[in-house]
$ cat run-v7.txt   # compact mmCIF, C-alpha atoms
# COMPACT_ATOMS: atom_id res chain seq x y z
CA MET A 1 -91.38 26.18 32.06
CA ALA A 2 -87.79 27.36 31.73
CA ARG A 3 -87.14 29.80 28.93
CA LYS A 4 -84.16 29.08 26.72
CA THR A 5 -83.66 32.59 25.44
CA GLY A 6 -81.61 33.70 28.44
CA SER A 7 -79.10 30.91 28.33
CA HIS A 8 -78.81 31.06 24.53
CA SER A 9 -78.10 34.79 24.68
CA GLU A 10 -75.47 34.26 27.30
CA ILE A 11 -73.63 31.81 25.08
CA THR A 12 -74.28 33.28 21.65
CA GLY A 13 -73.45 36.90 22.53
CA PRO A 14 -69.88 36.18 23.68
CA LYS A 15 -69.44 33.71 20.78
CA ILE A 16 -70.30 36.46 18.30
CA LYS A 17 -67.82 38.83 19.93
CA GLN A 18 -65.10 36.18 19.92
CA SER A 19 -65.74 35.25 16.28
CA ALA A 20 -65.76 38.89 15.22
CA LEU A 21 -62.48 39.40 17.08
CA GLU A 22 -60.83 36.45 15.35
CA LEU A 23 -62.07 37.44 11.90
CA PHE A 24 -61.20 41.13 12.29
CA ALA A 25 -57.72 40.20 13.50
CA ARG A 26 -57.21 37.79 10.61
CA TYR A 27 -58.70 39.71 7.67
CA GLY A 28 -59.30 43.26 8.89
CA PHE A 29 -62.63 44.86 9.75
CA ALA A 30 -63.41 46.11 6.23
CA ALA A 31 -62.99 42.68 4.64
CA VAL A 32 -65.24 40.79 7.09
CA THR A 33 -69.01 40.47 6.57
CA MET A 34 -71.73 39.90 9.17
CA ARG A 35 -72.54 36.74 7.20
CA GLN A 36 -69.02 35.40 7.82
CA ILE A 37 -69.29 36.15 11.52
CA ALA A 38 -72.65 34.38 11.73
CA ALA A 39 -71.25 31.36 9.85
CA ARG A 40 -68.34 31.09 12.28
CA VAL A 41 -70.72 31.21 15.26
CA GLY A 42 -73.05 28.71 13.57
CA VAL A 43 -76.18 30.87 13.45
CA GLN A 44 -78.28 32.15 10.55
CA ALA A 45 -77.03 35.39 9.01
CA GLY A 46 -80.17 37.21 10.17
CA ALA A 47 -80.03 35.90 13.75
CA ILE A 48 -76.84 37.83 14.49
CA TYR A 49 -78.85 41.07 14.46
CA ASN A 50 -80.69 39.91 17.57
CA TYR A 51 -77.40 40.42 19.38
CA THR A 52 -75.82 43.42 17.75
CA PRO A 53 -77.15 46.24 15.53
CA ASP A 54 -74.25 46.11 13.06
CA LYS A 55 -70.56 45.44 12.42
CA GLN A 56 -69.55 48.88 13.72
CA ALA A 57 -71.23 48.10 17.04
CA LEU A 58 -69.30 44.83 17.24
CA LEU A 59 -66.00 46.62 16.61
CA PHE A 60 -66.83 49.29 19.16
CA ASP A 61 -67.83 46.65 21.73
CA LEU A 62 -64.48 44.92 21.31
CA LEU A 63 -62.29 48.02 21.41
CA HIS A 64 -64.26 49.83 24.08
CA GLY A 65 -64.56 46.68 26.19
CA HIS A 66 -60.79 46.20 25.96
CA MET A 67 -60.06 49.68 27.32
CA ALA A 68 -62.85 49.54 29.91
CA ASP A 69 -61.49 46.20 31.11
CA LEU A 70 -57.95 47.61 31.33
CA LEU A 71 -59.12 50.59 33.40
CA ALA A 72 -61.40 48.51 35.63
CA ARG A 73 -58.65 46.01 36.41
CA TRP A 74 -56.11 48.69 37.17
CA ALA A 75 -58.64 50.32 39.53
CA GLU A 76 -58.79 47.03 41.45
CA GLU A 77 -55.01 46.83 41.88
CA GLN A 78 -53.44 47.53 45.27
CA VAL A 79 -50.71 49.82 44.00
CA PRO A 80 -47.82 50.46 46.43
CA SER A 81 -47.32 54.10 47.32
CA HIS A 82 -43.56 54.24 46.76
CA PRO A 83 -42.92 55.43 43.18
CA VAL A 84 -40.41 52.68 42.31
CA ALA A 85 -42.61 49.93 43.75
CA ALA A 86 -45.59 51.46 41.94
CA LEU A 87 -43.62 51.37 38.68
CA ASP A 88 -42.75 47.69 39.16
CA HIS A 89 -46.40 46.99 39.89
CA PHE A 90 -47.52 48.84 36.79
CA VAL A 91 -45.00 47.06 34.53
CA ALA A 92 -46.16 43.64 35.79
CA PHE A 93 -49.82 44.61 35.38
CA HIS A 94 -49.48 46.10 31.90
CA LEU A 95 -47.45 43.17 30.55
CA ASP A 96 -49.75 40.57 32.07
CA PHE A 97 -52.90 42.24 30.76
CA HIS A 98 -51.58 42.69 27.22
CA ILE A 99 -49.79 39.40 26.62
CA GLN A 100 -53.04 37.62 27.43
CA ARG A 101 -54.90 39.50 24.67
CA PRO A 102 -52.71 39.72 21.55
CA GLU A 103 -55.67 39.85 19.13
CA LEU A 104 -57.43 42.61 21.07
CA VAL A 105 -54.21 44.59 21.28
CA PHE A 106 -53.72 44.14 17.53
CA ILE A 107 -57.20 45.24 16.45
CA SER A 108 -57.27 48.04 19.04
CA TYR A 109 -54.35 49.57 17.22
CA MET A 110 -55.23 48.60 13.67
CA GLU A 111 -58.94 49.29 13.52
CA LEU A 112 -59.13 52.73 15.13
CA ARG A 113 -59.36 54.01 11.54
CA ASN A 114 -62.63 52.14 11.05
CA LEU A 115 -64.49 53.57 14.03
CA THR A 116 -67.13 56.24 13.56
CA GLU A 117 -66.04 59.62 14.91
CA GLU A 118 -68.21 59.28 18.00
CA ASN A 119 -66.98 55.77 18.77
CA PHE A 120 -63.38 56.83 18.18
CA LYS A 121 -63.80 59.67 20.68
CA ALA A 122 -65.19 57.34 23.35
CA ILE A 123 -62.18 55.05 23.00
CA GLU A 124 -59.71 57.93 22.83
CA GLU A 125 -61.16 59.21 26.09
CA LYS A 126 -60.44 55.87 27.77
CA ARG A 127 -56.96 55.69 26.26
CA SER A 128 -56.23 59.17 27.54
CA ARG A 129 -57.36 58.15 31.02
CA TYR A 130 -54.95 55.22 30.99
CA GLU A 131 -52.11 57.38 29.64
CA LYS A 132 -52.85 59.89 32.42
CA ILE A 133 -52.49 57.14 35.04
CA VAL A 134 -49.02 56.40 33.68
CA TYR A 135 -48.17 60.08 33.39
CA ASP A 136 -49.28 60.78 36.98
CA MET A 137 -47.27 57.81 38.24
CA ILE A 138 -44.15 59.13 36.51
CA LEU A 139 -44.73 62.70 37.64
CA LYS A 140 -45.12 61.60 41.25
CA GLY A 141 -41.75 59.86 41.09
CA VAL A 142 -40.14 62.87 39.45
CA LEU A 143 -41.46 65.15 42.18
CA SER A 144 -40.28 62.77 44.92
CA GLY A 145 -36.85 62.61 43.30
CA ASP A 146 -37.12 58.88 42.61
CA PHE A 147 -37.37 59.27 38.84
CA GLN A 148 -35.35 61.49 36.57
CA VAL A 149 -36.73 61.89 33.04
CA PRO A 150 -36.36 64.47 30.27
CA ASP A 151 -40.16 64.92 29.93
CA ALA A 152 -42.84 63.03 31.89
CA LYS A 153 -45.39 63.07 29.05
CA ILE A 154 -43.03 61.71 26.40
CA THR A 155 -41.65 59.20 28.88
CA SER A 156 -45.17 57.91 29.51
CA PHE A 157 -45.66 57.32 25.77
CA ALA A 158 -42.23 55.69 25.52
CA LEU A 159 -42.89 53.40 28.48
CA ILE A 160 -46.29 52.27 27.18
CA ALA A 161 -44.89 51.63 23.67
CA MET A 162 -41.93 49.71 25.06
CA LEU A 163 -44.15 47.46 27.16
CA THR A 164 -46.97 46.92 24.66
CA GLY A 165 -44.41 46.05 21.97
CA VAL A 166 -43.82 42.79 23.84
CA VAL A 167 -47.07 41.45 22.38
CA ASP A 168 -45.39 41.30 18.94
CA TRP A 169 -42.79 38.75 19.91
CA PHE A 170 -43.54 37.20 23.31
CA ARG A 171 -45.01 33.69 23.30
CA GLU A 172 -46.14 32.06 26.55
CA ASP A 173 -44.48 28.80 25.43
CA GLY A 174 -41.23 30.49 24.36
CA ARG A 175 -37.77 30.40 25.95
CA LEU A 176 -38.65 33.23 28.33
CA SER A 177 -41.20 32.75 31.12
CA SER A 178 -43.66 35.56 31.79
CA GLU A 179 -42.06 35.98 35.24
CA GLU A 180 -38.63 36.47 33.67
CA LEU A 181 -40.13 38.83 31.08
CA THR A 182 -41.62 40.93 33.87
CA ARG A 183 -38.35 40.94 35.79
CA GLN A 184 -36.43 42.11 32.71
CA TYR A 185 -38.90 44.85 31.87
CA CYS A 186 -39.08 46.08 35.46
CA ALA A 187 -35.31 46.54 35.33
CA LEU A 188 -35.51 48.26 31.94
CA ALA A 189 -38.40 50.50 32.98
CA ARG A 190 -36.48 51.57 36.10
CA GLN A 191 -33.52 52.53 33.94
CA THR A 192 -35.72 54.34 31.43
CA LEU A 193 -37.21 56.39 34.26
CA GLY A 194 -33.78 57.20 35.65
CA VAL A 195 -34.15 55.27 38.90
CA ASN A 196 -30.78 55.16 40.59
CA ALA A 197 -29.76 51.50 40.61
CA LEU A 198 -28.14 51.92 44.01
CA ALA A 199 -31.16 53.63 45.58
CA MET B 200 -39.35 59.32 -32.61
CA ALA B 201 -39.46 59.29 -28.82
CA ARG B 202 -41.21 56.33 -27.29
CA LYS B 203 -43.72 57.12 -24.58
CA THR B 204 -43.71 53.72 -22.90
CA GLY B 205 -40.60 54.37 -20.83
CA SER B 206 -41.76 57.62 -19.34
CA HIS B 207 -45.27 56.27 -18.71
CA SER B 208 -43.85 53.29 -16.86
CA GLU B 209 -41.68 55.52 -14.73
CA ILE B 210 -44.69 57.52 -13.64
CA THR B 211 -47.37 54.83 -13.49
CA GLY B 212 -45.33 52.24 -11.58
CA PRO B 213 -44.68 54.48 -8.56
CA LYS B 214 -48.27 55.80 -8.76
CA ILE B 215 -49.60 52.26 -8.46
CA LYS B 216 -47.38 51.58 -5.45
CA GLN B 217 -48.42 54.83 -3.80
CA SER B 218 -52.13 54.20 -4.44
CA ALA B 219 -51.88 50.64 -3.16
CA LEU B 220 -50.13 51.93 -0.03
CA GLU B 221 -52.83 54.51 0.65
CA LEU B 222 -55.68 52.06 0.08
CA PHE B 223 -54.08 49.24 2.11
CA ALA B 224 -53.45 51.67 4.97
CA ARG B 225 -57.00 52.97 4.84
CA TYR B 226 -59.04 49.79 4.32
CA GLY B 227 -56.65 46.89 4.87
CA PHE B 228 -55.11 44.63 2.23
CA ALA B 229 -57.94 42.08 2.18
CA ALA B 230 -60.63 44.69 1.52
CA VAL B 231 -58.88 46.40 -1.40
CA THR B 232 -59.29 45.23 -5.02
CA MET B 233 -56.92 45.68 -7.96
CA ARG B 234 -59.82 47.51 -9.64
CA GLN B 235 -59.86 50.10 -6.83
CA ILE B 236 -56.11 50.59 -7.10
CA ALA B 237 -56.38 51.07 -10.87
CA ALA B 238 -59.23 53.55 -10.44
CA ARG B 239 -57.18 55.61 -7.97
CA VAL B 240 -54.24 55.70 -10.39
CA GLY B 241 -56.54 56.53 -13.28
CA VAL B 242 -55.78 53.52 -15.48
CA GLN B 243 -57.97 50.71 -16.81
CA ALA B 244 -58.34 47.77 -14.44
CA GLY B 245 -56.50 45.48 -16.84
CA ALA B 246 -53.59 47.90 -17.42
CA ILE B 247 -52.38 47.53 -13.84
CA TYR B 248 -51.21 43.99 -14.62
CA ASN B 249 -48.58 45.43 -16.97
CA TYR B 250 -46.87 46.72 -13.85
CA THR B 251 -47.46 44.07 -11.23
CA PRO B 252 -48.52 40.41 -11.36
CA ASP B 253 -51.01 40.68 -8.49
CA LYS B 254 -52.02 42.31 -5.21
CA GLN B 255 -49.67 40.09 -3.20
CA ALA B 256 -46.74 41.31 -5.29
CA LEU B 257 -47.78 44.90 -4.59
CA LEU B 258 -47.91 44.25 -0.84
CA PHE B 259 -44.57 42.49 -0.91
CA ASP B 260 -43.00 45.33 -2.92
CA LEU B 261 -44.17 47.85 -0.35
CA LEU B 262 -43.12 45.92 2.75
CA HIS B 263 -39.90 44.56 1.32
CA GLY B 264 -38.99 47.93 -0.19
CA HIS B 265 -39.54 49.56 3.20
CA MET B 266 -37.12 47.23 4.97
CA ALA B 267 -34.60 47.27 2.10
CA ASP B 268 -34.68 51.07 2.16
CA LEU B 269 -34.16 51.11 5.94
CA LEU B 270 -31.15 48.81 5.72
CA ALA B 271 -29.64 50.61 2.70
CA ARG B 272 -29.91 54.00 4.37
CA TRP B 273 -28.41 52.77 7.62
CA ALA B 274 -25.52 51.28 5.62
CA GLU B 275 -24.83 54.75 4.22
CA GLU B 276 -24.69 56.39 7.66
CA GLN B 277 -21.36 57.46 9.12
CA VAL B 278 -21.89 55.96 12.55
CA PRO B 279 -19.54 57.20 15.29
CA SER B 280 -17.48 54.47 16.92
CA HIS B 281 -18.13 55.43 20.54
CA PRO B 282 -21.13 53.41 21.82
CA VAL B 283 -23.01 56.37 23.29
CA ALA B 284 -22.49 58.53 20.19
CA ALA B 285 -23.52 55.55 18.05
CA LEU B 286 -26.70 55.21 20.12
CA ASP B 287 -27.56 58.90 19.65
CA HIS B 288 -26.93 58.51 15.94
CA PHE B 289 -29.15 55.45 15.74
CA VAL B 290 -32.00 57.11 17.67
CA ALA B 291 -31.94 60.14 15.35
CA PHE B 292 -31.80 57.91 12.26
CA HIS B 293 -34.58 55.53 13.34
CA LEU B 294 -36.94 58.34 14.36
CA ASP B 295 -36.30 60.35 11.21
CA PHE B 296 -36.79 57.37 8.90
CA HIS B 297 -40.02 56.23 10.56
CA ILE B 298 -41.81 59.53 11.18
CA GLN B 299 -41.49 60.25 7.47
CA ARG B 300 -43.33 57.03 6.56
CA PRO B 301 -46.30 56.53 8.92
CA GLU B 302 -48.38 54.59 6.36
CA LEU B 303 -45.52 52.22 5.49
CA VAL B 304 -44.81 51.65 9.19
CA PHE B 305 -48.50 50.95 9.76
CA ILE B 306 -48.97 48.42 6.95
CA SER B 307 -45.56 46.83 7.64
CA TYR B 308 -46.90 45.88 11.04
CA MET B 309 -50.51 45.23 10.17
CA GLU B 310 -50.24 43.29 6.90
CA LEU B 311 -47.55 40.75 7.78
CA ARG B 312 -50.46 38.34 8.26
CA ASN B 313 -51.41 38.69 4.59
CA LEU B 314 -48.03 37.81 3.12
CA THR B 315 -47.44 34.40 1.58
CA GLU B 316 -45.07 32.28 3.65
CA GLU B 317 -42.17 32.86 1.25
CA ASN B 318 -42.72 36.62 1.17
CA PHE B 319 -43.09 36.73 4.96
CA LYS B 320 -39.75 34.95 5.34
CA ALA B 321 -37.98 37.41 3.04
CA ILE B 322 -39.23 40.33 5.13
CA GLU B 323 -38.53 38.61 8.43
CA GLU B 324 -34.96 38.08 7.26
CA LYS B 325 -34.56 41.83 6.65
CA ARG B 326 -36.20 42.67 9.99
CA SER B 327 -33.85 40.30 11.76
CA ARG B 328 -30.90 41.98 10.09
CA TYR B 329 -32.05 45.36 11.36
CA GLU B 330 -32.69 43.99 14.85
CA LYS B 331 -29.22 42.48 14.80
CA ILE B 332 -27.71 45.89 14.02
CA VAL B 333 -29.41 47.27 17.12
CA TYR B 334 -28.45 44.23 19.20
CA ASP B 335 -24.80 44.45 18.11
CA MET B 336 -24.75 48.16 18.90
CA ILE B 337 -26.07 47.49 22.41
CA LEU B 338 -23.75 44.54 22.98
CA LYS B 339 -20.72 46.60 21.96
CA GLY B 340 -21.64 49.23 24.56
CA VAL B 341 -22.23 46.59 27.21
CA LEU B 342 -18.81 45.05 26.54
CA SER B 343 -17.11 48.46 26.65
CA GLY B 344 -18.86 49.25 29.93
CA ASP B 345 -20.78 52.20 28.47
CA PHE B 346 -24.17 50.48 28.64
CA GLN B 347 -25.64 48.47 31.45
CA VAL B 348 -28.73 46.44 30.56
CA PRO B 349 -30.47 43.37 31.97
CA ASP B 350 -30.45 41.55 28.58
CA ALA B 351 -29.12 42.96 25.29
CA LYS B 352 -31.65 41.11 23.11
CA ILE B 353 -34.72 42.20 25.07
CA THR B 354 -33.31 45.70 25.34
CA SER B 355 -32.99 45.85 21.55
CA PHE B 356 -36.68 44.94 21.17
CA ALA B 357 -37.65 47.46 23.86
CA LEU B 358 -35.62 50.24 22.25
CA ILE B 359 -37.05 49.63 18.77
CA ALA B 360 -40.63 49.48 20.12
CA MET B 361 -40.13 52.65 22.17
CA LEU B 362 -38.82 54.57 19.15
CA THR B 363 -41.21 53.23 16.52
CA GLY B 364 -44.17 53.97 18.83
CA VAL B 365 -43.55 57.65 18.14
CA VAL B 366 -45.21 57.22 14.74
CA ASP B 367 -48.57 56.76 16.52
CA TRP B 368 -48.66 60.24 18.02
CA PHE B 369 -45.98 62.48 16.55
CA ARG B 370 -47.12 65.07 14.00
CA GLU B 371 -44.58 67.22 12.14
CA ASP B 372 -46.82 70.25 12.69
CA GLY B 373 -47.41 69.52 16.39
CA ARG B 374 -46.10 71.33 19.48
CA LEU B 375 -42.86 69.34 19.43
CA SER B 376 -40.28 69.83 16.66
CA SER B 377 -38.57 66.75 15.25
CA GLU B 378 -35.25 68.09 16.63
CA GLU B 379 -36.72 68.31 20.14
CA LEU B 380 -38.28 64.86 19.72
CA THR B 381 -34.87 63.44 18.83
CA ARG B 382 -33.22 65.22 21.75
CA GLN B 383 -35.81 63.81 24.18
CA TYR B 384 -35.55 60.26 22.86
CA CYS B 385 -31.75 60.32 22.83
CA ALA B 386 -31.88 61.17 26.53
CA LEU B 387 -34.48 58.45 27.18
CA ALA B 388 -32.59 55.85 25.15
CA ARG B 389 -29.40 56.61 27.07
CA GLN B 390 -31.25 56.06 30.34
CA THR B 391 -32.87 52.87 29.06
CA LEU B 392 -29.44 51.52 28.15
CA GLY B 393 -28.04 52.45 31.54
CA VAL B 394 -25.63 55.12 30.32
CA ASN B 395 -24.25 56.94 33.33
CA ALA B 396 -25.59 60.49 33.02
CA LEU B 397 -22.34 61.85 34.45
CA ALA B 398 -20.08 59.86 32.13
$ encode --input "run-v7.txt" --output "structure tokens"
Amino acid sequence: MARKTGSHSEITGPKIKQSALELFARYGFAAVTMRQIAARVGVQAGAIYNYTPDKQALLFDLLHGHMADLLARWAEEQVPSHPVAALDHFVAFHLDFHIQRPELVFISYMELRNLTEENFKAIEEKRSRYEKIVYDMILKGVLSGDFQVPDAKITSFALIAMLTGVVDWFREDGRLSSEELTRQYCALARQTLGVNALA
Amino acid sequence: MARKTGSHSEITGPKIKQSALELFARYGFAAVTMRQIAARVGVQAGAIYNYTPDKQALLFDLLHGHMADLLARWAEEQVPSHPVAALDHFVAFHLDFHIQRPELVFISYMELRNLTEENFKAIEEKRSRYEKIVYDMILKGVLSGDFQVPDAKITSFALIAMLTGVVDWFREDGRLSSEELTRQYCALARQTLGVNALA
């Protein structure tokens, strides 16, 4: 006799995460109750605890999963070795990843304040790893003479902020296609990093 | 006989705004009650309504005041006419204004979703005015040949995002002084806008 538990878990678990994401993004973590999340999923309030110990764990799952996903996907990328080509590749990757997840980007920024200290540290560690990838990429280009920047660390922050900011205004059905967006930001990122346009 | 009402209002009004700001930034607008705001100020729950009609009005006051303040201060600036000098001036102004108000920057981004439609529109109008100032500044430099950018509109968004992102990591007591921060970002902004380093 087939057991239903497995297939139910597989559906209900992701549904809970998705509902929590939507509610946190709409009302903020502190204003949302486990009861509201359960109601949105369509399960009894108590049943939700079969899937997650508490609201903090749900928040951590979302934020940590977001960063883990970002790092895992970047690790799978075939990044060109030339610094300028690597930059173009990074810009396309970062934009594509973030414009597909506006709610996760939003709560990842907004709800850091509501993480426990331990959970915050785990996410900060992953953020730092990603920032280091960008920093190393910039430094490599500075050392090869392809990039010219005032400070590689600050430039890495500036580049990430510039790219992630797209999430605030870009709409997939807007006047600008995602291909054109990427093209524009590749050109801007090259300028920001001091790539000689004639090189 | 001196009346106390005037002086009380002058102190209590700003105190309510400041307490609302702190609580909204810490817990999110939806999770904060008027009772909590009153308690933080040290007045009776009912007394707060002598100063503000409701929580929405408090949020609007904070967000609208922030944008009105930004526009008013920029209007007072003596901006140099040369595009590159104007850019440097803008970078210094934007950084200085925003790093002094991290909580207002945070809730101005985060709590747009909790504004009524009418209030949202009023703030969007002010934001658009500020974005237009940046766009016009970039366009002027493009037309004069001092800037070279793929698209002036997108570049204005990228520049604002790059600069405002500083609020997330810059600390006045950190390793970097605000003067050095400004110097670094002026150099980066010039590169982003395609200013010839040798010009």
$ closest_residue --input "run-v7.txt" --among "B:Leu270, B:Ile306, B:Leu262, B:Ile210" --to "Phe228 in chain B" --atoms "only C-alpha atoms"
B:Ile306
$ closest_atom_pairs --input "run-v7.txt" --of "chain B" --to "chain A" --cutoff "10 Å" --atoms "all atoms listed in the file" --output "tab-separated table"
residue	atom	partner	partner_atom	distance
B:Ala224	CA	A:Arg113	CA	9.1
B:Arg225	CA	A:Arg113	CA	7.2
B:Tyr226	CA	A:Ala30	CA	6.0
B:Gly227	CA	A:Gly28	CA	6.0
B:Phe228	CA	A:Gly28	CA	8.0
B:Ala229	CA	A:Ala31	CA	5.6
B:Ala230	CA	A:Ala31	CA	4.4
B:Val231	CA	A:Ala31	CA	8.2
B:Phe305	CA	A:Met110	CA	8.1
B:Ile306	CA	A:Met110	CA	9.2
B:Tyr308	CA	A:Met110	CA	9.1
B:Met309	CA	A:Met110	CA	6.8
B:Glu310	CA	A:Tyr27	CA	9.2
B:Arg312	CA	A:Arg26	CA	7.2
B:Asn313	CA	A:Tyr27	CA	8.0
B:Gln347	CA	A:Gln191	CA	9.2
B:Val348	CA	A:Leu188	CA	7.2
B:Pro349	CA	A:Gln184	CA	6.1
B:Asp350	CA	A:Gln184	CA	7.3
B:Ile353	CA	A:Gln184	CA	7.8
B:Thr354	CA	A:Leu188	CA	7.4
B:Phe356	CA	A:Gly165	CA	7.9
B:Ala357	CA	A:Met162	CA	5.0
B:Leu358	CA	A:Met162	CA	6.9
B:Ile359	CA	A:Met162	CA	8.0
B:Ala360	CA	A:Met162	CA	5.1
B:Met361	CA	A:Met162	CA	4.5
B:Leu362	CA	A:Ala158	CA	7.3
B:Thr363	CA	A:Ala161	CA	8.2
B:Gly364	CA	A:Ala161	CA	5.4
B:Val365	CA	A:Ala158	CA	7.7
B:Asp367	CA	A:Tyr109	CA	9.3
B:Trp368	CA	A:Phe157	CA	8.8
B:Leu380	CA	A:Ile154	CA	8.8
B:Arg382	CA	A:Pro150	CA	9.1
B:Gln383	CA	A:Pro150	CA	6.2
B:Tyr384	CA	A:Ile154	CA	8.4
B:Cys385	CA	A:Pro150	CA	9.7
B:Ala386	CA	A:Pro150	CA	6.7
B:Leu387	CA	A:Thr192	CA	6.0
B:Ala388	CA	A:Thr192	CA	7.2
B:Arg389	CA	A:Thr192	CA	8.0
B:Gln390	CA	A:Thr192	CA	4.9
B:Thr391	CA	A:Thr192	CA	4.0
B:Leu392	CA	A:Gln191	CA	7.2
B:Gly393	CA	A:Gln191	CA	6.0
B:Val394	CA	A:Gln191	CA	9.1
B:Asn395	CA	A:Gly194	CA	9.8
B:Ala396	CA	A:Gly194	CA	9.2
$ residues_near_point --input "run-v7.txt" --point "(-42.2, 53.9, -5.5)" --cutoff "12 Å" --atoms "only C-alpha atoms" --output "ChimeraX atom specification"
/B:208-220,250,257,260-265,268,303
$ atom_distance --input "run-v7.txt" --atom1 "CA of Ala274 in chain B" --atom2 "CA of Phe223 in chain B"
28.8 Å
$ atom_distance --input "run-v7.txt" --atom1 "CA of Ala86 in chain A" --atom2 "CA of Ile138 in chain A"
9.5 Å
$ axis_aligned_box --input "run-v7.txt" --around "range 9-26 of chain A" --padding-each-side "3 Å" --output "lines of an AutoDock Vina configuration file"
center_x = -67.7
center_y = 36.5
center_z = 19.0
size_x = 26.9
size_y = 15.3
size_z = 22.7
$ residues_around --input "run-v7.txt" --residues "Arg234 in chain B" --least-positions-apart "3" --cutoff "8 Å" --atoms "only C-alpha atoms" --output "list in words"
Ala237, Ala238 and Ala244 of chain B
$ atom_distance --input "run-v7.txt" --atom1 "CA of Ala351 in chain B" --atom2 "CA of Gly141 in chain A"
26.4 Å
$ residues_near_point --input "run-v7.txt" --point "(-41.1, 65.4, 14.8)" --cutoff "12 Å" --atoms "all atoms listed in the file" --output "PyMOL selection string"
chain B and resi 291+293-301+362+365-384
$ closest_residue --input "run-v7.txt" --among "B:Ser355, B:Asn318, B:Gln235, B:Ser280" --to "Ser343 in chain B" --atoms "all atoms listed in the file"
B:Ser280
$ closest_residue --input "run-v7.txt" --among "A:Met137, A:Pro53, A:Glu118, A:Ala68" --to "Asp88 in chain A" --atoms "all atoms listed in the file"
A:Met137
$ closest_residue --input "run-v7.txt" --among "A:Asn50, A:Ser128, A:Gln56, A:Gln78" --to "Thr33 in chain A" --atoms "all atoms listed in the file"
A:Gln56
$ closest_residue --input "run-v7.txt" --among "A:Pro83, A:Ala122, A:Glu117, A:Thr52" --to "Val134 in chain A" --atoms "only C-alpha atoms"
A:Pro83
$ decode --input "run-v7.txt" --residues "range 224-235 of chain B" --atoms "N, CA, C and O atoms" --output "PDB file, in the first residue's frame"
ATOM      1  N   ALA B 224      11.117  50.945  11.850  1.00  0.00           N
ATOM      2  CA  ALA B 224      12.381  50.405  11.330  1.00  0.00           C
ATOM      3  C   ALA B 224      12.733  49.088  12.014  1.00  0.00           C
ATOM      4  O   ALA B 224      13.282  48.187  11.385  1.00  0.00           O
ATOM      5  N   ARG B 225      12.383  48.983  13.288  1.00  0.00           N
ATOM      6  CA  ARG B 225      12.745  47.771  14.021  1.00  0.00           C
ATOM      7  C   ARG B 225      11.791  46.606  13.749  1.00  0.00           C
ATOM      8  O   ARG B 225      12.227  45.480  13.561  1.00  0.00           O
ATOM      9  N   TYR B 226      10.475  46.883  13.763  1.00  0.00           N
ATOM     10  CA  TYR B 226       9.504  45.782  13.683  1.00  0.00           C
ATOM     11  C   TYR B 226       8.688  45.759  12.397  1.00  0.00           C
ATOM     12  O   TYR B 226       8.027  44.769  12.105  1.00  0.00           O
ATOM     13  N   GLY B 227       8.719  46.850  11.648  1.00  0.00           N
ATOM     14  CA  GLY B 227       7.873  46.943  10.460  1.00  0.00           C
ATOM     15  C   GLY B 227       6.554  47.616  10.808  1.00  0.00           C
ATOM     16  O   GLY B 227       6.009  47.417  11.896  1.00  0.00           O
ATOM     17  N   PHE B 228       6.051  48.408   9.888  1.00  0.00           N
ATOM     18  CA  PHE B 228       4.842  49.200  10.089  1.00  0.00           C
ATOM     19  C   PHE B 228       3.659  48.360  10.576  1.00  0.00           C
ATOM     20  O   PHE B 228       2.970  48.709  11.524  1.00  0.00           O
ATOM     21  N   ALA B 229       3.431  47.224   9.926  1.00  0.00           N
ATOM     22  CA  ALA B 229       2.236  46.418  10.215  1.00  0.00           C
ATOM     23  C   ALA B 229       2.243  45.838  11.625  1.00  0.00           C
ATOM     24  O   ALA B 229       1.185  45.575  12.199  1.00  0.00           O
ATOM     25  N   ALA B 230       3.432  45.651  12.191  1.00  0.00           N
ATOM     26  CA  ALA B 230       3.524  45.011  13.511  1.00  0.00           C
ATOM     27  C   ALA B 230       3.461  46.010  14.661  1.00  0.00           C
ATOM     28  O   ALA B 230       3.336  45.612  15.815  1.00  0.00           O
ATOM     29  N   VAL B 231       3.544  47.301  14.348  1.00  0.00           N
ATOM     30  CA  VAL B 231       3.604  48.325  15.400  1.00  0.00           C
ATOM     31  C   VAL B 231       2.214  48.901  15.656  1.00  0.00           C
ATOM     32  O   VAL B 231       1.465  49.161  14.714  1.00  0.00           O
ATOM     33  N   THR B 232       1.873  49.088  16.941  1.00  0.00           N
ATOM     34  CA  THR B 232       0.574  49.683  17.287  1.00  0.00           C
ATOM     35  C   THR B 232       0.772  51.135  17.768  1.00  0.00           C
ATOM     36  O   THR B 232       1.857  51.503  18.224  1.00  0.00           O
ATOM     37  N   MET B 233      -0.297  51.904  17.676  1.00  0.00           N
ATOM     38  CA  MET B 233      -0.277  53.291  18.169  1.00  0.00           C
ATOM     39  C   MET B 233       0.014  53.291  19.678  1.00  0.00           C
ATOM     40  O   MET B 233       0.662  54.203  20.195  1.00  0.00           O
ATOM     41  N   ARG B 234      -0.453  52.248  20.356  1.00  0.00           N
ATOM     42  CA  ARG B 234      -0.224  52.107  21.797  1.00  0.00           C
ATOM     43  C   ARG B 234       1.286  51.985  22.092  1.00  0.00           C
ATOM     44  O   ARG B 234       1.798  52.601  23.023  1.00  0.00           O
ATOM     45  N   GLN B 235       1.977  51.213  21.265  1.00  0.00           N
ATOM     46  CA  GLN B 235       3.435  51.057  21.447  1.00  0.00           C
ATOM     47  C   GLN B 235       4.166  52.386  21.212  1.00  0.00           C
ATOM     48  O   GLN B 235       5.117  52.709  21.907  1.00  0.00           O
TER      49      GLN B 235
END
